[in-house]
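> Before we start, here is the structure in question, set down as structure tokens.
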Amino acid sequence: MGIRDRIADELKATVHGGDLKLERYAQPPGDPGLFGIAPDSPAWRVHGHPTGMLTGGFAALMLQSLHPLAMAGVDQHSDFRTDPVGRLTRTARFITTTTFGSQQPAREVIDVVRRIHTHVHGTAPDGRPYRADDPELLTWVHTAEVYSFLTGYQVHAPRKSRLTRAECDTYYAQVAPVAEALGAVEVPRTAHEVTRYLARLRPELHVTPAALEAMRFLRGFGRNRRERIVARLLMNASLGLLPSWARAELGIQRPAVVRSAWDRPLATAVGRGLEWARGPSPIHAAARARLTTAAPEAQTGPLR
């Protein structure tokens, strides 16, 4: 097995658990998906860009951790310490299935997350109760996530491929129904609404000991030395995706020149290497084939 195959297999095992489950994306023919996300639309492009999603994913976890109630839920209920790769796999599968999958698999992964959320509740260290199915908390988690994904894409995608302002609004509108299906309310649907939402929540966001512990854990992510090196390079680049106030809250003092002249190019190079090893995405190919194949009824006419 050559180096390209080894990297591809390791990437598949880390992100997808070793099984892409292509049936989620390939069948049935003509199925438009639960949210009607078409090939090359903004959500397809953002969620299909490895470097933007990996760096954006790290940034999202750090940004989300600044909400004390969201962080309390993760700290007290998540298995990220004992099974970080499993946590990554489940998150990646949710995003790829709701973005590229057909309707039934998308409904199934949403139902699974909703059931899990009903069991995640407790009391934060500051004495406030929390529930993972709290609609406002769900809106925070979603908004911090998609803001980070989009920022990662806009930084690491080729300049000619980056989204226009109107396409950014389309992206937020396309992904909002996913959050609403999980129970979120008043989900921002434009870049302007996201900016206003983050500004409104800013007074509620601050670092906690659990958030700092999670950040230290992320910096050591990886099952072996090679994974840890790649994760550290991507993690460093993710720091530049955070709003300046979030970096200040987390005590990040990495100079801007280092973030732009060192971290960003290195992460982009790492991402290109991962894309080279993976080759054309089998998930995207399966989804495109499903979307461009006429449904059986359209091919044969309705039964009488």
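Just so we're on the same page: first chain in the structure tokens is A, next is B, and so on; residues restart at 1 for each chain, and ligands are numbered from 1 in the order they show up.
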Contacts of Arg93 in chain A at 9 Å or less, counting only C-alpha atoms, minus same-chain residues fewer than 2 places along, as JSON, numbers by chain?

{"A": [15, 16, 20, 88, 89, 90, 91, 95, 96, 97, 98, 109]}

> Would you mind exporting all heavy atoms of the selected residues as an mmCIF file, in the first residue's frame?


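What follows is the written file part.cif:
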data_model
loop_
_atom_site.group_PDB
_atom_site.id
_atom_site.type_symbol
_atom_site.label_atom_id
_atom_site.label_comp_id
_atom_site.auth_asym_id
_atom_site.auth_seq_id
_atom_site.Cartn_x
_atom_site.Cartn_y
_atom_site.Cartn_z
ATOM 1 N N VAL A 15 -12.229 10.452 10.223
ATOM 2 C CA VAL A 15 -13.379 11.339 10.012
ATOM 3 C C VAL A 15 -14.686 10.570 9.854
ATOM 4 O O VAL A 15 -15.728 11.000 10.353
ATOM 5 C CB VAL A 15 -13.139 12.237 8.780
ATOM 6 C CG1 VAL A 15 -14.346 13.133 8.523
ATOM 7 C CG2 VAL A 15 -11.880 13.079 8.982
ATOM 8 N N HIS A 16 -14.632 9.412 9.199
ATOM 9 C CA HIS A 16 -15.867 8.691 8.883
ATOM 10 C C HIS A 16 -15.984 7.334 9.570
ATOM 11 O O HIS A 16 -16.917 6.578 9.283
ATOM 12 C CB HIS A 16 -15.986 8.496 7.367
ATOM 13 C CG HIS A 16 -16.081 9.776 6.605
ATOM 14 N ND1 HIS A 16 -17.232 10.542 6.571
ATOM 15 C CD2 HIS A 16 -15.155 10.443 5.865
ATOM 16 C CE1 HIS A 16 -17.021 11.617 5.831
ATOM 17 N NE2 HIS A 16 -15.777 11.587 5.395
ATOM 18 N N LEU A 20 -17.823 4.816 4.768
ATOM 19 C CA LEU A 20 -18.476 6.030 4.267
ATOM 20 C C LEU A 20 -19.990 5.912 4.224
ATOM 21 O O LEU A 20 -20.690 6.917 4.086
ATOM 22 C CB LEU A 20 -17.958 6.351 2.860
ATOM 23 C CG LEU A 20 -16.472 6.692 2.756
ATOM 24 C CD1 LEU A 20 -16.103 6.996 1.308
ATOM 25 C CD2 LEU A 20 -16.105 7.866 3.655
ATOM 26 N N LEU A 88 -15.775 12.995 16.704
ATOM 27 C CA LEU A 88 -15.553 13.612 15.398
ATOM 28 C C LEU A 88 -16.326 12.869 14.318
ATOM 29 O O LEU A 88 -16.964 13.490 13.451
ATOM 30 C CB LEU A 88 -14.059 13.605 15.075
ATOM 31 C CG LEU A 88 -13.662 14.016 13.649
ATOM 32 C CD1 LEU A 88 -14.084 15.443 13.367
ATOM 33 C CD2 LEU A 88 -12.158 13.850 13.442
ATOM 34 N N THR A 89 -16.297 11.547 14.367
ATOM 35 C CA THR A 89 -16.986 10.742 13.362
ATOM 36 C C THR A 89 -18.486 11.003 13.376
ATOM 37 O O THR A 89 -19.115 11.172 12.327
ATOM 38 C CB THR A 89 -16.714 9.247 13.601
ATOM 39 O OG1 THR A 89 -15.318 9.000 13.449
ATOM 40 C CG2 THR A 89 -17.487 8.388 12.612
ATOM 41 N N ARG A 90 -19.074 11.037 14.556
ATOM 42 C CA ARG A 90 -20.524 11.266 14.651
ATOM 43 C C ARG A 90 -20.901 12.650 14.141
ATOM 44 O O ARG A 90 -21.923 12.810 13.453
ATOM 45 C CB ARG A 90 -20.981 11.066 16.096
ATOM 46 C CG ARG A 90 -20.926 9.616 16.557
ATOM 47 C CD ARG A 90 -21.571 9.436 17.911
ATOM 48 N NE ARG A 90 -20.818 10.099 18.976
ATOM 49 C CZ ARG A 90 -19.810 9.550 19.635
ATOM 50 N NH1 ARG A 90 -19.390 8.340 19.308
ATOM 51 N NH2 ARG A 90 -19.197 10.212 20.608
ATOM 52 N N THR A 91 -20.086 13.644 14.469
ATOM 53 C CA THR A 91 -20.371 15.000 13.993
ATOM 54 C C THR A 91 -20.241 15.079 12.477
ATOM 55 O O THR A 91 -21.097 15.659 11.791
ATOM 56 C CB THR A 91 -19.414 16.004 14.661
ATOM 57 O OG1 THR A 91 -19.570 15.941 16.079
ATOM 58 C CG2 THR A 91 -19.694 17.417 14.181
ATOM 59 N N ILE A 95 -23.223 15.998 9.611
ATOM 60 C CA ILE A 95 -23.127 17.095 8.645
ATOM 61 C C ILE A 95 -23.190 16.575 7.222
ATOM 62 O O ILE A 95 -23.921 17.121 6.376
ATOM 63 C CB ILE A 95 -21.829 17.893 8.881
ATOM 64 C CG1 ILE A 95 -21.888 18.587 10.242
ATOM 65 C CG2 ILE A 95 -21.620 18.926 7.768
ATOM 66 C CD1 ILE A 95 -20.559 19.120 10.713
ATOM 67 N N THR A 96 -22.446 15.518 6.911
ATOM 68 C CA THR A 96 -22.462 15.010 5.540
ATOM 69 C C THR A 96 -23.825 14.426 5.179
ATOM 70 O O THR A 96 -24.296 14.605 4.043
ATOM 71 C CB THR A 96 -21.379 13.944 5.333
ATOM 72 O OG1 THR A 96 -21.527 12.902 6.308
ATOM 73 C CG2 THR A 96 -19.992 14.543 5.439
ATOM 74 N N THR A 97 -24.482 13.765 6.130
ATOM 75 C CA THR A 97 -25.777 13.154 5.815
ATOM 76 C C THR A 97 -26.848 14.209 5.599
ATOM 77 O O THR A 97 -27.655 14.109 4.674
ATOM 78 C CB THR A 97 -26.204 12.184 6.936
ATOM 79 O OG1 THR A 97 -25.191 11.197 7.117
ATOM 80 C CG2 THR A 97 -27.507 11.487 6.577
ATOM 81 N N THR A 98 -26.882 15.243 6.443
ATOM 82 C CA THR A 98 -27.910 16.281 6.270
ATOM 83 C C THR A 98 -27.618 17.169 5.071
ATOM 84 O O THR A 98 -28.536 17.769 4.510
ATOM 85 C CB THR A 98 -28.037 17.146 7.538
ATOM 86 O OG1 THR A 98 -26.744 17.659 7.905
ATOM 87 C CG2 THR A 98 -28.606 16.330 8.694
ATOM 88 N N VAL A 109 -30.643 10.675 11.238
ATOM 89 C CA VAL A 109 -29.573 11.239 12.064
ATOM 90 C C VAL A 109 -30.086 12.401 12.908
ATOM 91 O O VAL A 109 -29.630 12.608 14.047
ATOM 92 C CB VAL A 109 -28.360 11.671 11.212
ATOM 93 C CG1 VAL A 109 -27.713 10.469 10.542
ATOM 94 C CG2 VAL A 109 -28.711 12.744 10.199
#

> My list of candidates is A:Thr118, A:Arg254, A:Thr151, A:Gln174. Which is closest to Leu239 in chain A when distances are computed with only C-alpha atoms?

A:Arg254

> What does the distance from CA of Ala13 in chain A to CA of Arg225 in chain A come to in Å, to one decimal?

15.7 Å

> Please determine, counting only C-alpha atoms, which residue among A:Glu227, A:Gly48, A:Trp245, A:Thr208 has the shortest atom-to-atom distance to Ala285 in chain A.

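Of A:Glu227, A:Gly48, A:Trp245, A:Thr208, the one nearest Ala285 in chain A is A:Gly48, counting only C-alpha atoms.
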
> Using only C-alpha atoms, which residues sit within 6 Å of range 135-137 of chain A once same-chain residues fewer than 4 positions away are excluded, as a list of chain:residue names?

A:Gly183, A:Ala184, A:Val185

> So which bits of range 58-248 of chain A end up strand (DSSP E or B) when you DSSP the backbone, as a list in words?

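Across range 58-248 of chain A, those assigned strand (DSSP E or B) are His121, Gly122, Thr123, Pro129, Tyr130 and Arg131 of chain A.
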
> What does the distance from CA of Ala246 in chain A to CA of Met62 in chain A come to in Å, to one decimal?

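Atom-to-atom, CA of Ala246 in chain A and CA of Met62 in chain A are spaced 8.4 Å apart.
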